[in-house]
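Shown here: data-v1.txt, compact mmCIF, C-alpha atoms.
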```txt
# COMPACT_ATOMS: atom_id res chain seq x y z
CA MET A 1 9.54 -6.10 5.41
CA ALA A 2 12.10 -7.59 3.26
CA LEU A 3 14.84 -5.79 1.43
CA ARG A 4 15.63 -7.86 -1.66
CA GLY A 5 14.29 -10.98 -0.02
CA VAL A 6 16.03 -10.45 3.33
CA TRP A 7 13.81 -9.94 6.36
CA GLN A 8 14.70 -6.75 8.20
CA LEU A 9 13.21 -7.38 11.62
CA GLN A 10 15.71 -9.36 13.69
CA LYS A 11 14.34 -9.42 17.20
CA LEU A 12 11.02 -8.68 18.84
CA VAL A 13 11.03 -8.21 22.61
CA VAL A 14 7.63 -8.70 24.21
CA SER A 15 7.73 -6.95 27.59
CA TYR A 16 4.88 -7.55 30.00
CA CYS A 17 3.96 -7.48 33.67
CA ASN A 18 2.40 -10.45 35.38
CA TRP A 19 0.52 -8.36 37.95
CA GLY A 20 -0.73 -5.18 36.26
CA GLY A 21 -4.12 -4.80 34.60
CA SER A 22 -2.73 -2.98 31.57
CA SER A 23 -0.86 -6.20 30.68
CA ARG A 24 -4.01 -8.30 30.57
CA GLY A 25 -4.25 -8.09 26.81
CA ILE A 26 -0.64 -8.94 26.20
CA ARG A 27 -0.79 -11.87 28.59
CA ALA A 28 -3.74 -13.24 26.63
CA PHE A 29 -1.84 -12.53 23.40
CA MET A 30 1.12 -14.53 24.66
CA GLU A 31 -1.12 -17.51 25.37
CA THR A 32 -3.27 -17.46 22.26
CA GLU A 33 -1.61 -15.79 19.31
CA LEU A 34 2.11 -15.54 19.98
CA PRO A 35 2.91 -19.22 19.19
CA ALA A 36 1.17 -18.94 15.81
CA PHE A 37 3.00 -15.69 15.09
CA GLN A 38 6.27 -17.33 16.00
CA GLU A 39 5.62 -20.24 13.65
CA LYS A 40 4.72 -17.98 10.76
CA ASN A 41 7.99 -16.10 11.15
CA PRO A 42 10.76 -18.58 11.88
CA GLN A 43 13.42 -16.03 10.94
CA LEU A 44 12.32 -13.78 13.79
CA GLU A 45 13.69 -14.05 17.31
CA ILE A 46 10.87 -13.40 19.79
CA VAL A 47 11.98 -12.82 23.38
CA PRO A 48 9.43 -12.50 26.19
CA GLU A 49 10.61 -10.24 28.99
CA LEU A 50 9.09 -9.68 32.40
CA ILE A 51 9.04 -6.11 33.69
CA ARG A 52 7.06 -5.82 36.90
CA GLY A 53 5.13 -2.71 37.67
CA GLN A 54 5.45 -1.18 34.21
CA HIS A 55 3.19 -0.96 31.19
CA PRO A 56 3.69 -3.58 28.49
CA HIS A 57 5.35 -2.77 25.20
CA LEU A 58 6.77 -4.36 22.05
CA LYS A 59 10.35 -3.54 21.09
CA ALA A 60 11.50 -4.20 17.55
CA PHE A 61 15.16 -4.39 16.55
CA TYR A 62 15.94 -4.01 12.85
CA LYS A 63 18.97 -4.86 10.79
CA ASN A 64 19.89 -1.22 10.28
CA LYS A 65 20.28 -0.95 14.11
CA ASN A 66 16.99 0.90 14.39
CA GLN A 67 14.62 0.30 17.29
CA ARG A 68 10.89 0.85 17.40
CA VAL A 69 8.90 0.72 20.61
CA VAL A 70 5.13 0.35 20.66
CA CYS A 71 3.26 0.61 23.96
CA VAL A 72 0.45 -1.93 24.08
CA LYS A 73 -1.14 -1.06 27.41
CA ASN A 74 -4.85 -1.87 27.71
CA MET A 75 -5.03 -3.37 24.22
CA THR A 76 -6.90 -6.45 23.12
CA PRO A 77 -4.89 -9.42 21.79
CA ASP A 78 -6.16 -8.68 18.26
CA ASP A 79 -4.79 -5.14 18.39
CA ILE A 80 -1.47 -6.40 19.72
CA LEU A 81 -1.27 -8.89 16.87
CA LEU A 82 -1.93 -6.07 14.41
CA HIS A 83 0.89 -4.01 15.90
CA ALA A 84 3.27 -6.96 15.88
CA THR A 85 2.40 -7.68 12.23
CA ARG A 86 2.98 -4.03 11.36
CA LEU A 87 6.39 -4.08 13.02
CA ARG A 88 7.28 -7.20 11.08
CA ASN A 89 6.02 -5.72 7.82
CA ALA A 90 8.02 -2.51 8.08
CA LEU A 91 11.60 -1.78 7.15
CA GLY A 92 13.58 -0.21 9.92
CA ARG A 93 13.74 3.16 8.21
CA LYS A 94 12.86 6.38 9.98
CA VAL A 95 9.23 7.38 9.53
CA VAL A 96 9.38 10.60 7.56
CA LYS A 97 7.08 12.12 5.00
CA LEU A 98 7.81 10.71 1.56
CA LYS A 99 9.46 13.08 -0.88
CA THR A 100 8.49 11.04 -3.93
CA ARG A 101 6.50 7.91 -4.43
CA HIS A 102 8.98 6.65 -7.02
CA VAL A 103 12.57 6.01 -6.03
CA THR A 104 14.94 5.29 -8.88
CA LYS A 105 18.62 5.50 -9.72
CA HIS A 106 18.14 5.65 -13.50
CA PRO A 107 15.51 8.29 -14.21
CA SER A 108 15.88 8.25 -17.98
CA VAL A 109 16.08 5.41 -20.51
CA GLN A 110 15.79 7.18 -23.84
CA GLY A 111 17.64 10.28 -22.75
CA THR A 112 16.54 13.33 -20.77
CA TRP A 113 14.58 15.88 -22.75
CA SER A 114 15.89 19.39 -23.13
CA THR A 115 14.83 22.31 -25.29
CA ALA A 116 17.85 21.85 -27.54
CA LEU A 117 16.92 18.24 -28.37
CA LYS A 118 15.68 17.70 -31.92
CA PHE A 119 14.01 14.48 -33.11
CA MET B 1 -35.32 19.54 9.50
CA ALA B 2 -33.62 16.23 9.32
CA THR B 3 -36.85 14.54 8.26
CA ARG B 4 -37.33 17.06 5.47
CA ARG B 5 -33.77 16.57 4.28
CA CYS B 6 -34.24 12.80 4.35
CA LEU B 7 -37.46 13.12 2.38
CA HIS B 8 -35.78 15.23 -0.23
CA ALA B 9 -32.92 12.75 -0.51
CA LEU B 10 -35.33 9.83 -0.72
CA ARG B 11 -37.33 11.44 -3.50
CA HIS B 12 -34.11 12.11 -5.33
CA HIS B 13 -33.00 8.50 -4.91
CA ALA B 14 -36.41 7.19 -5.90
CA ALA B 15 -36.47 9.22 -9.09
CA ALA B 16 -33.02 7.96 -9.97
CA ALA B 17 -33.99 4.37 -9.12
CA VAL B 18 -37.12 4.42 -11.24
CA ALA B 19 -35.25 5.88 -14.20
CA VAL B 20 -32.33 3.54 -13.91
CA ARG B 21 -34.08 0.38 -12.75
CA HIS B 22 -35.39 -0.56 -16.14
CA SER B 23 -32.11 -0.19 -17.95
CA VAL B 24 -29.59 -1.38 -15.41
CA GLY B 25 -31.36 -4.12 -13.54
CA ARG B 26 -29.10 -6.67 -11.91
CA SER B 27 -25.86 -4.78 -12.27
CA PHE B 28 -26.90 -2.45 -9.47
CA SER B 29 -26.96 -5.26 -6.95
CA ALA B 30 -23.47 -6.23 -8.03
CA LEU B 31 -22.34 -2.64 -7.63
CA ALA B 32 -23.90 -2.38 -4.21
CA SER B 33 -22.14 -5.51 -2.99
CA HIS B 34 -18.82 -4.00 -3.98
CA SER B 35 -19.07 -0.46 -2.73
CA GLY B 36 -20.24 0.20 0.77
CA GLY B 37 -21.66 3.61 -0.08
CA SER B 38 -25.00 4.66 1.29
CA LEU B 39 -26.18 5.96 -2.07
CA SER B 40 -26.10 2.61 -3.79
CA ARG B 41 -27.40 0.83 -0.68
CA SER B 42 -30.41 3.07 -0.39
CA VAL B 43 -31.07 2.87 -4.11
CA LEU B 44 -30.95 -0.91 -3.98
CA GLU B 45 -33.40 -1.00 -1.07
CA LEU B 46 -35.71 1.35 -2.90
CA GLU B 47 -35.48 -0.83 -5.97
CA THR B 48 -36.49 -3.98 -4.20
CA THR B 49 -39.39 -2.31 -2.37
CA PRO B 50 -40.73 0.28 -4.76
CA PHE B 51 -44.15 0.49 -3.20
CA ARG B 52 -42.74 2.27 -0.15
CA ILE B 53 -42.51 5.52 -2.07
CA GLY B 54 -46.30 5.89 -2.02
CA HIS B 55 -46.54 5.40 1.76
CA LEU B 56 -44.13 8.12 2.71
CA GLY B 57 -46.13 10.27 5.05
CA ALA B 58 -48.54 7.67 6.39
CA SER B 59 -47.00 4.54 7.87
CA SER B 60 -44.77 4.33 10.88
CA SER B 61 -42.73 1.57 9.24
CA TRP B 62 -41.07 4.13 6.95
CA ARG B 63 -37.45 4.59 7.87
CA CYS B 64 -35.09 7.37 6.97
CA TYR B 65 -32.12 5.84 5.20
CA CYS B 66 -29.81 8.80 5.50
CA SER B 67 -28.37 8.47 8.98
CA GLY B 68 -25.68 11.05 8.29
CA LYS B 69 -25.14 13.49 5.50
CA THR B 70 -26.03 12.87 1.87
CA PRO B 71 -23.19 13.11 -0.64
CA GLU B 72 -24.60 16.37 -2.09
CA ASP B 73 -24.85 18.18 1.23
CA GLU B 74 -21.51 16.85 2.31
CA GLY B 75 -19.70 18.14 -0.75
CA SER B 76 -20.78 21.72 -0.18
CA GLU B 77 -20.08 21.61 3.57
CA ASP B 78 -16.57 20.30 3.13
CA GLU B 79 -15.65 23.00 0.66
CA TYR B 80 -16.65 25.60 3.24
CA GLU B 81 -14.81 23.93 6.12
CA GLU B 82 -11.49 23.42 4.42
CA SER B 83 -10.29 27.00 4.54
CA GLU B 84 -7.56 26.41 7.10
CA GLU B 85 -6.34 22.99 5.98
CA GLU B 86 -3.21 21.92 4.21
CA GLU B 87 -3.69 21.27 0.54
CA GLY B 88 -2.97 17.61 0.52
CA GLU B 89 -5.70 16.67 2.98
CA ILE B 90 -8.66 17.75 0.86
CA ASP B 91 -8.99 14.38 -0.81
CA GLU B 92 -8.90 12.43 2.43
CA VAL B 93 -11.34 14.57 4.36
CA SER B 94 -14.00 15.09 1.75
CA ASP B 95 -14.09 11.40 1.04
CA GLY B 96 -16.60 10.85 3.83
CA GLU B 97 -19.35 8.65 2.61
CA ILE B 98 -21.31 7.24 5.45
CA ALA B 99 -19.66 3.87 5.06
CA ALA B 100 -17.05 3.60 7.27
CA GLY B 101 -14.10 3.38 9.30
CA PRO B 102 -11.60 0.54 8.99
CA GLY B 103 -13.67 -1.78 11.17
CA LEU B 104 -16.56 -2.20 8.77
CA GLN B 105 -14.41 -2.84 5.70
CA LYS B 106 -13.06 -6.18 6.90
CA ARG B 107 -14.93 -8.71 4.85
CA ASP B 108 -13.92 -12.21 3.96
CA TYR B 109 -13.28 -12.37 0.26
CA THR B 110 -13.47 -15.66 -1.61
CA PRO B 111 -10.35 -16.37 -3.69
CA GLU B 112 -12.27 -15.49 -6.88
CA GLU B 113 -13.39 -12.16 -5.44
CA LYS B 114 -9.84 -11.44 -4.34
CA GLU B 115 -8.52 -12.05 -7.81
CA ALA B 116 -11.25 -9.96 -9.38
CA VAL B 117 -10.70 -7.02 -7.06
CA ALA B 118 -6.94 -7.28 -7.41
CA ASN B 119 -7.23 -7.43 -11.16
CA GLU B 120 -9.30 -4.32 -11.21
CA ILE B 121 -6.73 -2.41 -9.22
CA GLY B 122 -4.13 -3.67 -11.62
CA TYR B 123 -2.07 -6.41 -10.08
CA LYS B 124 -2.00 -10.15 -9.60
CA VAL B 125 -0.36 -12.06 -6.82
CA ILE B 126 1.76 -14.98 -7.92
CA GLY B 127 3.10 -16.33 -4.71
CA PRO B 128 5.81 -16.01 -2.09
CA LEU B 129 9.39 -15.37 -3.13
CA GLU B 130 11.54 -18.43 -2.91
CA ARG B 131 15.17 -18.31 -1.97
CA SER B 132 16.13 -20.03 -5.20
CA ASP B 133 14.49 -17.38 -7.39
CA ARG B 134 17.05 -15.13 -9.00
CA VAL B 135 14.66 -12.24 -9.35
CA PHE B 136 16.91 -9.26 -8.71
CA LYS B 137 18.65 -8.70 -12.02
CA PRO B 138 21.13 -5.99 -12.98
CA TYR B 139 19.75 -2.80 -14.48
CA GLU B 140 18.28 -2.99 -17.98
CA PRO B 141 17.56 0.19 -19.97
CA VAL B 142 13.85 -0.55 -20.45
CA PHE B 143 10.96 1.36 -18.90
CA ALA B 144 7.21 0.92 -18.64
CA VAL B 145 4.33 3.15 -17.62
CA VAL B 146 2.20 1.08 -15.28
CA GLN B 147 -1.07 1.88 -13.52
CA VAL B 148 -1.84 0.73 -9.98
CA GLY B 149 -5.22 1.81 -8.69
CA SER B 150 -5.60 5.39 -9.83
CA HIS B 151 -1.90 6.25 -9.95
CA GLN B 152 0.51 5.77 -12.84
CA PHE B 153 4.25 5.32 -12.54
CA LYS B 154 7.10 5.23 -15.05
CA VAL B 155 9.10 2.27 -13.82
CA SER B 156 12.29 0.59 -14.80
CA ASN B 157 14.13 -2.43 -13.48
CA ARG B 158 15.36 -2.23 -9.88
CA ASP B 159 13.42 0.83 -8.72
CA CYS B 160 10.83 1.19 -5.96
CA ILE B 161 7.33 2.60 -6.02
CA PHE B 162 5.04 3.40 -3.10
CA THR B 163 1.40 2.60 -3.77
CA GLU B 164 -1.72 2.49 -1.63
CA ARG B 165 -1.91 -0.61 0.54
CA LEU B 166 -2.45 -3.66 -1.67
CA LYS B 167 -4.83 -5.87 0.21
CA PHE B 168 -4.21 -9.42 -0.79
CA CYS B 169 -0.45 -9.71 -0.74
CA GLU B 170 2.03 -10.27 2.07
CA VAL B 171 5.59 -9.02 2.32
CA ASN B 172 8.01 -10.97 0.08
CA ASP B 173 5.31 -11.85 -2.45
CA LYS B 174 5.79 -11.78 -6.17
CA ILE B 175 3.34 -9.59 -8.06
CA ILE B 176 2.52 -9.03 -11.72
CA LEU B 177 1.24 -5.61 -12.66
CA ASN B 178 -0.92 -6.10 -15.72
CA LYS B 179 -2.11 -2.57 -16.53
CA VAL B 180 0.79 -1.47 -18.71
CA LEU B 181 0.16 1.66 -20.72
CA LEU B 182 3.51 2.22 -22.44
CA LEU B 183 6.72 0.29 -22.94
CA GLY B 184 9.99 1.83 -23.98
CA SER B 185 13.59 1.00 -24.72
CA PRO B 186 16.42 3.07 -26.27
CA THR B 187 15.41 1.91 -29.76
CA GLN B 188 11.69 1.09 -29.56
CA THR B 189 8.48 2.45 -28.00
CA ILE B 190 5.19 0.54 -27.72
CA VAL B 191 2.13 2.66 -26.97
CA GLY B 192 -0.94 0.89 -25.61
CA ARG B 193 -4.55 1.68 -26.53
CA PRO B 194 -5.16 2.02 -23.61
CA ASN B 195 -3.22 -1.02 -22.36
CA VAL B 196 -0.55 -3.05 -24.03
CA PRO B 197 -1.84 -6.64 -24.16
CA ASP B 198 0.58 -9.42 -23.16
CA ALA B 199 2.82 -7.01 -21.33
CA ALA B 200 3.73 -7.69 -17.74
CA VAL B 201 5.74 -5.95 -15.10
CA HIS B 202 7.06 -8.17 -12.31
CA ALA B 203 7.51 -6.75 -8.84
CA VAL B 204 8.20 -7.92 -5.32
CA VAL B 205 6.43 -6.54 -2.25
CA GLU B 206 9.08 -5.06 0.02
CA GLU B 207 7.08 -3.61 2.87
CA HIS B 208 3.65 -2.64 4.13
CA ALA B 209 4.10 0.42 6.28
CA LEU B 210 2.37 3.52 7.55
CA ASP B 211 3.31 6.95 6.27
CA ALA B 212 4.29 9.74 8.63
CA LYS B 213 1.44 11.31 10.56
CA VAL B 214 -0.25 14.35 9.03
CA ILE B 215 -2.33 16.48 11.33
CA ILE B 216 -5.62 17.71 9.92
CA PHE B 217 -6.44 20.90 11.73
CA LYS B 218 -9.75 22.67 11.29
CA LYS B 219 -10.55 26.03 12.79
CA LYS B 220 -13.26 28.62 12.40
CA ARG B 221 -12.12 31.87 13.91
CA ARG B 222 -14.25 33.64 16.49
CA LYS B 223 -16.67 30.68 16.47
CA ASN B 224 -15.06 28.59 19.17
CA TYR B 225 -14.53 25.71 16.76
CA ARG B 226 -11.24 23.81 16.59
CA ARG B 227 -10.64 20.19 15.60
CA THR B 228 -7.43 18.22 15.32
CA LYS B 229 -7.24 14.82 13.60
CA GLY B 230 -4.18 12.67 12.92
CA HIS B 231 -3.93 10.51 9.83
CA ARG B 232 -1.41 7.91 8.72
CA GLN B 233 -1.78 6.50 5.25
CA GLU B 234 -1.09 2.80 4.70
CA LEU B 235 1.42 2.27 1.92
CA THR B 236 3.01 -0.66 0.10
CA LYS B 237 6.52 -0.49 -1.29
CA LEU B 238 7.04 -2.51 -4.46
CA ARG B 239 10.42 -3.21 -6.01
CA ILE B 240 10.24 -3.69 -9.78
CA THR B 241 12.24 -6.70 -10.94
CA ASP B 242 11.37 -7.36 -14.57
CA ILE B 243 9.58 -5.81 -17.54
CA GLN B 244 8.27 -8.15 -20.25
CA GLY B 245 6.69 -7.36 -23.57
CA ILE B 246 9.47 -5.47 -25.32
CA GLU B 247 12.79 -6.47 -26.84
CA LYS B 248 15.58 -5.61 -24.51
CA PRO B 249 18.85 -4.34 -25.93
CA GLU B 250 21.72 -6.77 -25.46
CA ILE B 251 24.49 -5.51 -23.29
CA PRO B 252 27.87 -6.45 -24.76
CA GLU B 253 29.95 -8.22 -22.16
CA PRO B 254 33.15 -6.41 -21.27
CA LYS B 255 36.11 -8.13 -22.95
CA LYS B 256 38.79 -9.30 -20.60
CA PRO B 257 42.35 -8.48 -21.74
CA VAL B 258 44.02 -11.67 -22.94
CA LYS B 259 47.28 -12.31 -21.10
CA ILE B 260 50.05 -13.94 -23.13
CA LYS B 261 52.75 -15.69 -21.14
CA VAL B 262 56.22 -15.38 -22.68
CA LYS B 263 59.03 -17.48 -21.25
CA ARG B 264 62.06 -15.34 -20.75
CA ASP B 265 64.87 -17.71 -21.78
CA THR B 266 66.68 -14.94 -23.66
CA ASP B 267 67.26 -12.97 -20.40
CA LYS B 268 68.89 -15.94 -18.68
CA GLN B 269 71.23 -16.46 -21.57
CA GLU B 270 72.21 -12.82 -21.46
CA LYS B 271 72.91 -12.95 -17.71
CA VAL B 272 75.16 -15.95 -18.15
CA ALA B 273 77.01 -14.25 -20.93
CA VAL B 274 77.84 -11.04 -19.01
CA PRO B 275 80.02 -12.21 -16.06
CA ALA B 276 82.03 -14.34 -18.39
```

Now, as a test, write the supplied structure out as structure tokens.
Amino acid sequence: MALRGVWQLQKLVVSYCNWGGSSRGIRAFMETELPAFQEKNPQLEIVPELIRGQHPHLKAFYKNKNQRVVCVKNMTPDDILLHATRLRNALGRKVVKLKTRHVTKHPSVQGTWSTALKF
Amino acid sequence: MATRRCLHALRHHAAAAVAVRHSVGRSFSALASHSGGSLSRSVLELETTPFRIGHLGASSSWRCYCSGKTPEDEGSEDEYEESEEEEGEIDEVSDGEIAAGPGLQKRDYTPEEKEAVANEIGYKVIGPLERSDRVFKPYEPVFAVVQVGSHQFKVSNRDCIFTERLKFCEVNDKIILNKVLLLGSPTQTIVGRPNVPDAAVHAVVEEHALDAKVIIFKKKRRKNYRRTKGHRQELTKLRITDIQGIEKPEIPEPKKPVKIKVKRDTDKQEKVAVPA
């Protein structure tokens, strides 16, 4: 996710519990894959956070002040890596159904056609 | 019932294989390696072991290759089932070949395979965007009709298109779209037959994201049948940066007004003259 070359994801908060079983995957993720993920994305600030007694989740903070929370309870480290990569790949925009697949500010180059136009 | 359906399908495949085998030959194996569809897989297996057709009823080693539905049966069933669905979902639902969910499609491509597959879809990855690249230019009145996969877009400089997920590129990668069908400017139009050779459209990958969830709801009334399925399509957003292959009109630079400095000695002389 990069708008004109600028990465949009600023901070990723990795919240986990050191006792609960639903955090087993994310604890393994933090040992195995998180360092590599951190090296691949030096522009990203990754903050591990301990929340005891709660399910683990990933919180993403974007440059347009948008937050996205993904609950990763009972997930394998591979799945958590996939979710983290998806959060990094996305812009912070709201997830709505696309109106058009082509967004442009200059719809016509040679002039808009009308019935009165004669070649 | 299932055995009879499998037999029928097998005979159908066998007839096709025998007819095609002589003409096509090796290309089928290449096709089968690309597509994961059951039809080509079963045809390939029948090709390599043609003698099995004779032993259909007898031996216990005969296996039914159609574990699910055949493409013919599936087409007719889906038409019947889609009475209650939204319009847009028909393509996604009836696309069920036996091949697979996302798990089975992860294969390791060699770099040559990647380039070949990417080229077929219509793009080529150049490399990551460097900070020193001045890629984002001001708007130029030039457009191109470009094809990515099965969709065509009329693009100009600085606009964004959403395509299906492009596999071999990361975010912030530079891409060249090589399937250009038409180029246009205010004075000139170049029409390709079907492509314009030596034309290139440069783009940058902005994001890989999931579309909003659509719910596929199937119901058969009075039959106690109701199914709900959620689907999120994976999309790639590309920002078009440059179109090459056509002469671009030159934009005249706005002329700055030339300021002439005049020294006002005459005023001072007048001021001195007055009080006296």

From A:Gln38, A:Ser22, A:Thr115, A:Thr100, residue lying nearest chain B [only C-alpha atoms] |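 The answer is A:Thr100, which sits nearest to chain B.
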
Quick one: which chain B residues come within 10 Å of chain A, and what is the nearest atom pair for each with the distance in Å to one decimal, counting only C-alpha atoms, rows ordered by chain and ascending number, as JSON lines?
```
{"residue": "B:Leu129", "atom": "CA", "partner": "A:Gly5", "partner_atom": "CA", "distance": 7.3}
{"residue": "B:Glu130", "atom": "CA", "partner": "A:Gly5", "partner_atom": "CA", "distance": 8.5}
{"residue": "B:Arg131", "atom": "CA", "partner": "A:Gly5", "partner_atom": "CA", "distance": 7.6}
{"residue": "B:Asp133", "atom": "CA", "partner": "A:Gly5", "partner_atom": "CA", "distance": 9.8}
{"residue": "B:Val135", "atom": "CA", "partner": "A:Arg4", "partner_atom": "CA", "distance": 8.9}
{"residue": "B:Phe136", "atom": "CA", "partner": "A:Arg4", "partner_atom": "CA", "distance": 7.3}
{"residue": "B:Tyr139", "atom": "CA", "partner": "A:His106", "partner_atom": "CA", "distance": 8.7}
{"residue": "B:Glu140", "atom": "CA", "partner": "A:Val109", "partner_atom": "CA", "distance": 9.0}
{"residue": "B:Pro141", "atom": "CA", "partner": "A:Val109", "partner_atom": "CA", "distance": 5.5}
{"residue": "B:Val142", "atom": "CA", "partner": "A:Val109", "partner_atom": "CA", "distance": 6.4}
{"residue": "B:Phe143", "atom": "CA", "partner": "A:Val109", "partner_atom": "CA", "distance": 6.7}
{"residue": "B:Phe153", "atom": "CA", "partner": "A:His102", "partner_atom": "CA", "distance": 7.4}
{"residue": "B:Lys154", "atom": "CA", "partner": "A:His102", "partner_atom": "CA", "distance": 8.4}
{"residue": "B:Val155", "atom": "CA", "partner": "A:His102", "partner_atom": "CA", "distance": 8.1}
{"residue": "B:Ser156", "atom": "CA", "partner": "A:His106", "partner_atom": "CA", "distance": 7.8}
{"residue": "B:Asn157", "atom": "CA", "partner": "A:His106", "partner_atom": "CA", "distance": 9.0}
{"residue": "B:Arg158", "atom": "CA", "partner": "A:Thr104", "partner_atom": "CA", "distance": 7.6}
{"residue": "B:Asp159", "atom": "CA", "partner": "A:Thr104", "partner_atom": "CA", "distance": 4.7}
{"residue": "B:Cys160", "atom": "CA", "partner": "A:Val103", "partner_atom": "CA", "distance": 5.1}
{"residue": "B:Ile161", "atom": "CA", "partner": "A:His102", "partner_atom": "CA", "distance": 4.5}
{"residue": "B:Phe162", "atom": "CA", "partner": "A:Arg101", "partner_atom": "CA", "distance": 4.9}
{"residue": "B:Thr163", "atom": "CA", "partner": "A:Arg101", "partner_atom": "CA", "distance": 7.4}
{"residue": "B:Glu170", "atom": "CA", "partner": "A:Asn89", "partner_atom": "CA", "distance": 8.3}
{"residue": "B:Val171", "atom": "CA", "partner": "A:Met1", "partner_atom": "CA", "distance": 5.8}
{"residue": "B:Asn172", "atom": "CA", "partner": "A:Ala2", "partner_atom": "CA", "distance": 6.2}
{"residue": "B:Asp173", "atom": "CA", "partner": "A:Gly5", "partner_atom": "CA", "distance": 9.3}
{"residue": "B:Gly184", "atom": "CA", "partner": "A:Val109", "partner_atom": "CA", "distance": 7.9}
{"residue": "B:Ser185", "atom": "CA", "partner": "A:Val109", "partner_atom": "CA", "distance": 6.6}
{"residue": "B:Pro186", "atom": "CA", "partner": "A:Gln110", "partner_atom": "CA", "distance": 4.8}
{"residue": "B:Thr187", "atom": "CA", "partner": "A:Gln110", "partner_atom": "CA", "distance": 7.9}
{"residue": "B:Gln188", "atom": "CA", "partner": "A:Gln110", "partner_atom": "CA", "distance": 9.3}
{"residue": "B:Thr189", "atom": "CA", "partner": "A:Gln110", "partner_atom": "CA", "distance": 9.6}
{"residue": "B:Val204", "atom": "CA", "partner": "A:Arg4", "partner_atom": "CA", "distance": 8.3}
{"residue": "B:Val205", "atom": "CA", "partner": "A:Ala2", "partner_atom": "CA", "distance": 8.0}
{"residue": "B:Glu206", "atom": "CA", "partner": "A:Ala2", "partner_atom": "CA", "distance": 5.1}
{"residue": "B:Glu207", "atom": "CA", "partner": "A:Met1", "partner_atom": "CA", "distance": 4.3}
{"residue": "B:His208", "atom": "CA", "partner": "A:Asn89", "partner_atom": "CA", "distance": 5.4}
{"residue": "B:Ala209", "atom": "CA", "partner": "A:Ala90", "partner_atom": "CA", "distance": 5.2}
{"residue": "B:Leu210", "atom": "CA", "partner": "A:Val95", "partner_atom": "CA", "distance": 8.1}
{"residue": "B:Asp211", "atom": "CA", "partner": "A:Lys97", "partner_atom": "CA", "distance": 6.5}
{"residue": "B:Ala212", "atom": "CA", "partner": "A:Lys97", "partner_atom": "CA", "distance": 5.2}
{"residue": "B:Lys213", "atom": "CA", "partner": "A:Lys97", "partner_atom": "CA", "distance": 8.0}
{"residue": "B:Val214", "atom": "CA", "partner": "A:Lys97", "partner_atom": "CA", "distance": 8.7}
{"residue": "B:Leu235", "atom": "CA", "partner": "A:Arg101", "partner_atom": "CA", "distance": 9.9}
{"residue": "B:Thr236", "atom": "CA", "partner": "A:Ala90", "partner_atom": "CA", "distance": 9.6}
{"residue": "B:Lys237", "atom": "CA", "partner": "A:Arg101", "partner_atom": "CA", "distance": 9.0}
{"residue": "B:Leu238", "atom": "CA", "partner": "A:His102", "partner_atom": "CA", "distance": 9.7}
{"residue": "B:Arg239", "atom": "CA", "partner": "A:Arg4", "partner_atom": "CA", "distance": 8.2}
{"residue": "B:Thr241", "atom": "CA", "partner": "A:Arg4", "partner_atom": "CA", "distance": 9.9}
```

Atomic distance atom CA of A:Leu9 - atom CA of A:Ile26, expressed in Å with one decimal =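 Taking atom CA of A:Leu9 and atom CA of A:Ile26, their separation equals 20.2 Å.
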
note - atom CA of A:Gly53 and atom CA of A:Thr32 are separated by 22.9 Å

In Å, rounded to a single decimal, give me how far atom CA of B:Lys114 is from atom CA of B:Ile246.
->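 Going from atom CA of B:Ile246 over to atom CA of B:Lys114 covers 29.1 Å.
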
May I ask which of the residues B:Asp242, B:Arg232, B:Ala199, B:Leu181 is the closest one to B:Ile216, counting all atoms listed in the file?
-> B:Arg232

Check the smallest atom-to-atom distance from each of A:Val72, A:Leu82, A:Leu117, A:Leu34 to A:Gln54 using all atoms listed in the file, then report the winner.
->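 The shortest atom-to-atom distance to A:Gln54 comes from A:Val72.
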
Counting all atoms listed in the file, the option among A:Pro48, A:Pro56, A:Asn66, A:Leu12 closest to A:Glu31 = A:Pro48

Quick one: everything within 6 Å of stretch 39-46 of chain A, counting only C-alpha atoms, minus sequence neighbours fewer than 6 positions away in the same chain. Send it as an MDAnalysis selection string.
-> chainID A and resid 10:13
